[in-house]
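Student: Quick one, input.pdb (PDB, C-alpha atoms, pLDDT in the B column):
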ATOM      1  CA  GLY A   1      33.311  -7.379  12.560  1.00 59.00           C
ATOM      2  CA  GLN A   2      30.548  -9.936  11.919  1.00 70.00           C
ATOM      3  CA  ALA A   3      27.918  -7.418  10.813  1.00 79.00           C
ATOM      4  CA  GLY A   4      27.341  -5.168   7.827  1.00 88.00           C
ATOM      5  CA  ILE A   5      24.934  -2.288   7.327  1.00 92.00           C
ATOM      6  CA  VAL A   6      22.085  -1.881   4.857  1.00 94.00           C
ATOM      7  CA  TYR A   7      20.512   1.553   4.554  1.00 96.00           C
ATOM      8  CA  VAL A   8      16.808   2.097   3.899  1.00 97.00           C
ATOM      9  CA  LEU A   9      15.904   5.721   3.213  1.00 96.00           C
ATOM     10  CA  GLY A  10      13.017   7.791   1.907  1.00 95.00           C
ATOM     11  CA  GLU A  11       9.326   7.161   2.514  1.00 95.00           C
ATOM     12  CA  VAL A  12       9.630   4.487   5.211  1.00 96.00           C
ATOM     13  CA  GLY A  13       8.567   4.363   8.853  1.00 95.00           C
ATOM     14  CA  ARG A  14      12.072   4.568  10.319  1.00 95.00           C
ATOM     15  CA  PRO A  15      14.777   5.454   7.806  1.00 96.00           C
ATOM     16  CA  GLY A  16      18.331   4.537   8.735  1.00 95.00           C
ATOM     17  CA  GLY A  17      21.062   1.947   8.699  1.00 94.00           C
ATOM     18  CA  PHE A  18      20.329  -1.578   9.844  1.00 93.00           C
ATOM     19  CA  LEU A  19      22.843  -4.187  10.944  1.00 91.00           C
ATOM     20  CA  ILE A  20      22.834  -7.482   9.113  1.00 89.00           C
ATOM     21  CA  ASP A  21      24.842 -10.598   9.846  1.00 86.00           C
ATOM     22  CA  ARG A  22      27.506 -11.041   7.157  1.00 78.00           C
ATOM     23  CA  ASN A  23      26.849 -14.788   7.129  1.00 79.00           C
ATOM     24  CA  ARG A  24      23.156 -14.342   6.319  1.00 84.00           C
ATOM     25  CA  THR A  25      21.258 -12.480   3.657  1.00 86.00           C
ATOM     26  CA  ILE A  26      18.156 -10.361   3.865  1.00 93.00           C
ATOM     27  CA  THR A  27      15.820  -9.437   1.046  1.00 96.00           C
ATOM     28  CA  VAL A  28      14.304  -6.146  -0.071  1.00 96.00           C
ATOM     29  CA  LEU A  29      11.071  -6.876   1.814  1.00 96.00           C
ATOM     30  CA  GLN A  30      12.973  -7.843   4.968  1.00 96.00           C
ATOM     31  CA  ALA A  31      14.954  -4.582   4.744  1.00 96.00           C
ATOM     32  CA  LEU A  32      11.668  -2.675   4.437  1.00 96.00           C
ATOM     33  CA  ALA A  33      10.345  -4.520   7.492  1.00 96.00           C
ATOM     34  CA  LEU A  34      13.425  -3.424   9.462  1.00 95.00           C
ATOM     35  CA  ALA A  35      12.592   0.152   8.438  1.00 96.00           C
ATOM     36  CA  GLU A  36       9.053  -0.333   9.813  1.00 96.00           C
ATOM     37  CA  GLY A  37       7.389  -0.501   6.407  1.00 95.00           C
ATOM     38  CA  LEU A  38       6.320   2.048   3.857  1.00 95.00           C
ATOM     39  CA  GLN A  39       4.756   5.437   4.544  1.00 94.00           C
ATOM     40  CA  PRO A  40       1.287   6.038   3.045  1.00 91.00           C
ATOM     41  CA  SER A  41       2.895   8.540   0.657  1.00 90.00           C
ATOM     42  CA  ALA A  42       5.460   6.010  -0.632  1.00 93.00           C
ATOM     43  CA  SER A  43       5.599   5.073  -4.282  1.00 92.00           C
ATOM     44  CA  ILE A  44       5.417   1.289  -4.273  1.00 90.00           C
ATOM     45  CA  LYS A  45       6.221   1.126  -7.978  1.00 92.00           C
ATOM     46  CA  LYS A  46       9.425   3.142  -7.880  1.00 91.00           C
ATOM     47  CA  ALA A  47      12.442   2.593  -5.666  1.00 95.00           C
ATOM     48  CA  THR A  48      16.171   2.408  -6.329  1.00 96.00           C
ATOM     49  CA  LEU A  49      18.822   0.177  -4.839  1.00 96.00           C
ATOM     50  CA  PHE A  50      22.244   1.834  -4.912  1.00 96.00           C
ATOM     51  CA  ARG A  51      25.058  -0.702  -4.821  1.00 94.00           C
ATOM     52  CA  ASN A  52      28.820  -0.093  -4.814  1.00 88.00           C
ATOM     53  CA  ASN A  53      30.818  -3.113  -5.940  1.00 81.00           C
ATOM     54  CA  GLY A  54      34.205  -1.485  -5.363  1.00 79.00           C
ATOM     55  CA  THR A  55      34.942  -0.273  -8.880  1.00 83.00           C
ATOM     56  CA  ASN A  56      31.389  -0.114 -10.118  1.00 86.00           C
ATOM     57  CA  ASN A  57      28.359   1.820  -8.830  1.00 89.00           C
ATOM     58  CA  GLN A  58      25.008   0.336  -9.779  1.00 92.00           C
ATOM     59  CA  GLN A  59      21.499   1.742  -9.618  1.00 94.00           C
ATOM     60  CA  ILE A  60      18.957  -1.060  -9.643  1.00 95.00           C
ATOM     61  CA  ALA A  61      15.297  -0.196 -10.228  1.00 96.00           C
ATOM     62  CA  VAL A  62      13.028  -1.873  -7.677  1.00 96.00           C
ATOM     63  CA  ASN A  63       9.271  -2.246  -8.103  1.00 96.00           C
ATOM     64  CA  VAL A  64       8.066  -3.102  -4.597  1.00 95.00           C
ATOM     65  CA  GLN A  65       4.509  -3.611  -5.812  1.00 95.00           C
ATOM     66  CA  LYS A  66       5.614  -6.381  -8.205  1.00 96.00           C
ATOM     67  CA  ILE A  67       7.688  -8.006  -5.450  1.00 96.00           C
ATOM     68  CA  LEU A  68       4.654  -7.982  -3.148  1.00 94.00           C
ATOM     69  CA  LYS A  69       2.523  -9.577  -5.892  1.00 95.00           C
ATOM     70  CA  SER A  70       5.259 -12.190  -6.558  1.00 95.00           C
ATOM     71  CA  GLU A  71       5.613 -10.904 -10.124  1.00 96.00           C
ATOM     72  CA  ASN A  72       9.284 -10.043  -9.470  1.00 96.00           C
ATOM     73  CA  PRO A  73      11.630 -11.949  -7.151  1.00 96.00           C
ATOM     74  CA  ASP A  74      12.361 -10.595  -3.682  1.00 96.00           C
ATOM     75  CA  PHE A  75      16.123 -10.434  -4.135  1.00 95.00           C
ATOM     76  CA  ALA A  76      18.850 -10.177  -1.508  1.00 94.00           C
ATOM     77  CA  VAL A  77      20.408  -6.877  -0.526  1.00 95.00           C
ATOM     78  CA  GLN A  78      24.112  -6.705   0.247  1.00 91.00           C
ATOM     79  CA  GLU A  79      26.217  -5.004   2.875  1.00 90.00           C
ATOM     80  CA  GLY A  80      26.518  -1.301   2.059  1.00 91.00           C
ATOM     81  CA  ASP A  81      23.435  -1.217  -0.181  1.00 94.00           C
ATOM     82  CA  ILE A  82      21.160   1.812   0.000  1.00 95.00           C
ATOM     83  CA  LEU A  83      17.476   1.184  -0.717  1.00 97.00           C
ATOM     84  CA  TYR A  84      15.727   4.459  -1.469  1.00 97.00           C
ATOM     85  CA  ILE A  85      11.915   4.580  -1.514  1.00 96.00           C
ATOM     86  CA  TYR A  86      10.559   7.546  -3.454  1.00 95.00           C
ATOM     87  CA  GLY A  87       7.460   9.501  -2.515  1.00 92.00           C
ATOM     88  CA  SER A  88       4.387   9.500  -4.709  1.00 82.00           C
ATOM     89  CA  LEU A  89       3.065  12.973  -5.420  1.00 68.00           C
ATOM     90  CA  THR A  90      -0.469  11.745  -6.105  1.00 56.00           C
ATOM     91  CA  ARG A  91      -0.588   9.516  -3.015  1.00 52.00           C
ATOM     92  CA  GLY A  92       0.784  12.363  -0.883  1.00 47.00           C
ATOM     93  CA  LEU A  93      -1.694  14.885  -2.310  1.00 52.00           C
ATOM     94  CA  GLY A  94      -4.605  12.475  -1.877  1.00 52.00           C
ATOM     95  CA  ARG A  95      -3.707  11.904   1.753  1.00 52.00           C
ATOM     96  CA  SER A  96      -3.280  15.661   2.321  1.00 55.00           C
ATOM     97  CA  ALA A  97      -6.707  16.311   0.787  1.00 57.00           C
ATOM     98  CA  ILE A  98      -8.340  13.762   3.103  1.00 58.00           C
ATOM     99  CA  VAL A  99      -6.624  15.223   6.187  1.00 60.00           C
ATOM    100  CA  MET A 100      -7.681  18.745   5.136  1.00 66.00           C
ATOM    101  CA  ALA A 101     -11.289  17.636   4.553  1.00 61.00           C
ATOM    102  CA  LEU A 102     -11.452  15.943   7.954  1.00 65.00           C
ATOM    103  CA  ALA A 103      -9.969  18.983   9.692  1.00 69.00           C
ATOM    104  CA  THR A 104     -12.462  21.292   7.948  1.00 69.00           C
ATOM    105  CA  ALA A 105     -15.394  19.029   8.822  1.00 62.00           C
ATOM    106  CA  SER A 106     -14.403  18.784  12.481  1.00 62.00           C
ATOM    107  CA  THR A 107     -13.924  22.570  12.717  1.00 64.00           C
ATOM    108  CA  ALA A 108     -17.371  23.107  11.176  1.00 54.00           C
ATOM    109  CA  ALA A 109     -18.910  20.625  13.620  1.00 51.00           C
ATOM    110  CA  VAL A 110     -17.366  22.461  16.589  1.00 51.00           C
ATOM    111  CA  TYR A 111     -18.627  25.790  15.218  1.00 50.00           C
ATOM    112  CA  VAL A 112     -22.180  24.459  14.739  1.00 51.00           C
ATOM    113  CA  ALA A 113     -22.149  22.943  18.240  1.00 51.00           C
ATOM    114  CA  ALA A 114     -21.012  26.267  19.689  1.00 52.00           C
ATOM    115  CA  LEU A 115     -23.960  28.060  18.044  1.00 55.00           C
ATOM    116  CA  HIS A 116     -26.487  25.795  19.741  1.00 53.00           C
TER     117      HIS A 116
END
Write the structure described by the file as structure tokens, please.
Tutor:
Amino acid sequence: GQAGIVYVLGEVGRPGGFLIDRNRTITVLQALALAEGLQPSASIKKATLFRNNGTNNQQIAVNVQKILKSENPDFAVQEGDILYIYGSLTRGLGRSAIVMALATASTAAVYVAALH
């Protein structure tokens, strides 16, 4: 009865619902911390906060990068809010390319070692 839930979904370490005390507020960055931070493939420029105010559904654009740089305020989330962190195609592809290159290099090193 004294707690509400804020949901953090998408490209975060541990997506899910997190209990917050109804007498206290938490900010976007604190909600992300509860979700164990951003994944390497997360888009830090594009996120959406979905808020239902009873009769009115809002979609609020959130630029996490600007919040981190103190260019935008780190505003409070409310009970029932859903913070969705989108994935970045280029960041995901870049990370995949690095993983593939490392796997190929290690396989080649094992092959060369086996020849000697």
Student: So which residues are close to (24.2, 1.6, -1.8), meaning at most 9 Å away in the file's coordinates with all atoms listed in the file counted, and can you show them as an NGL selection string?
Tutor: :A and (6-7 or 49-52 or 57-59 or 78-84)
Student: Exactly which residues make up the result of the PyMOL selection byres ((chain A and resi 23-25) around 12) on this file, given as JSON, numbers by chain?
Tutor: {"A": [1, 2, 3, 4, 5, 6, 19, 20, 21, 22, 26, 27, 28, 29, 30, 31, 74, 75, 76, 77, 78, 79]}
Student: May I have the residues within 7 Å of Ile44 (chain A) as an mmCIF file with C-alpha atoms, in the frame of the given file, using all atoms listed in the file and disregarding those fewer than 3 positions away in the same chain?
Tutor:
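Below is the file part.cif, written as the result:
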data_model
loop_
_atom_site.group_PDB
_atom_site.id
_atom_site.type_symbol
_atom_site.label_atom_id
_atom_site.label_comp_id
_atom_site.auth_asym_id
_atom_site.auth_seq_id
_atom_site.Cartn_x
_atom_site.Cartn_y
_atom_site.Cartn_z
ATOM 1 C CA ASN A 63 9.271 -2.246 -8.103
ATOM 2 C CA VAL A 64 8.066 -3.102 -4.597
ATOM 3 C CA GLN A 65 4.509 -3.611 -5.812
#
Student: CA of Glu71 (chain A) and CA of Gly13 (chain A) are how many Å apart?
Tutor: 24.5 Å
Student: Taking into account only C-alpha atoms, which residue in the set A:Gly10, A:Gly17, A:Pro73, A:Gly54 is nearest to Pro40 (chain A)?
Tutor: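 Ranked by minimum distance to Pro40 (chain A), first place goes to A:Gly10.
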Student: Mind pulling up the distance from CA of Asn53 (chain A) to CA of Pro15 (chain A)?
Tutor: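 According to the coordinates, CA of Pro15 (chain A) and CA of Asn53 (chain A) are separated by 22.8 Å.
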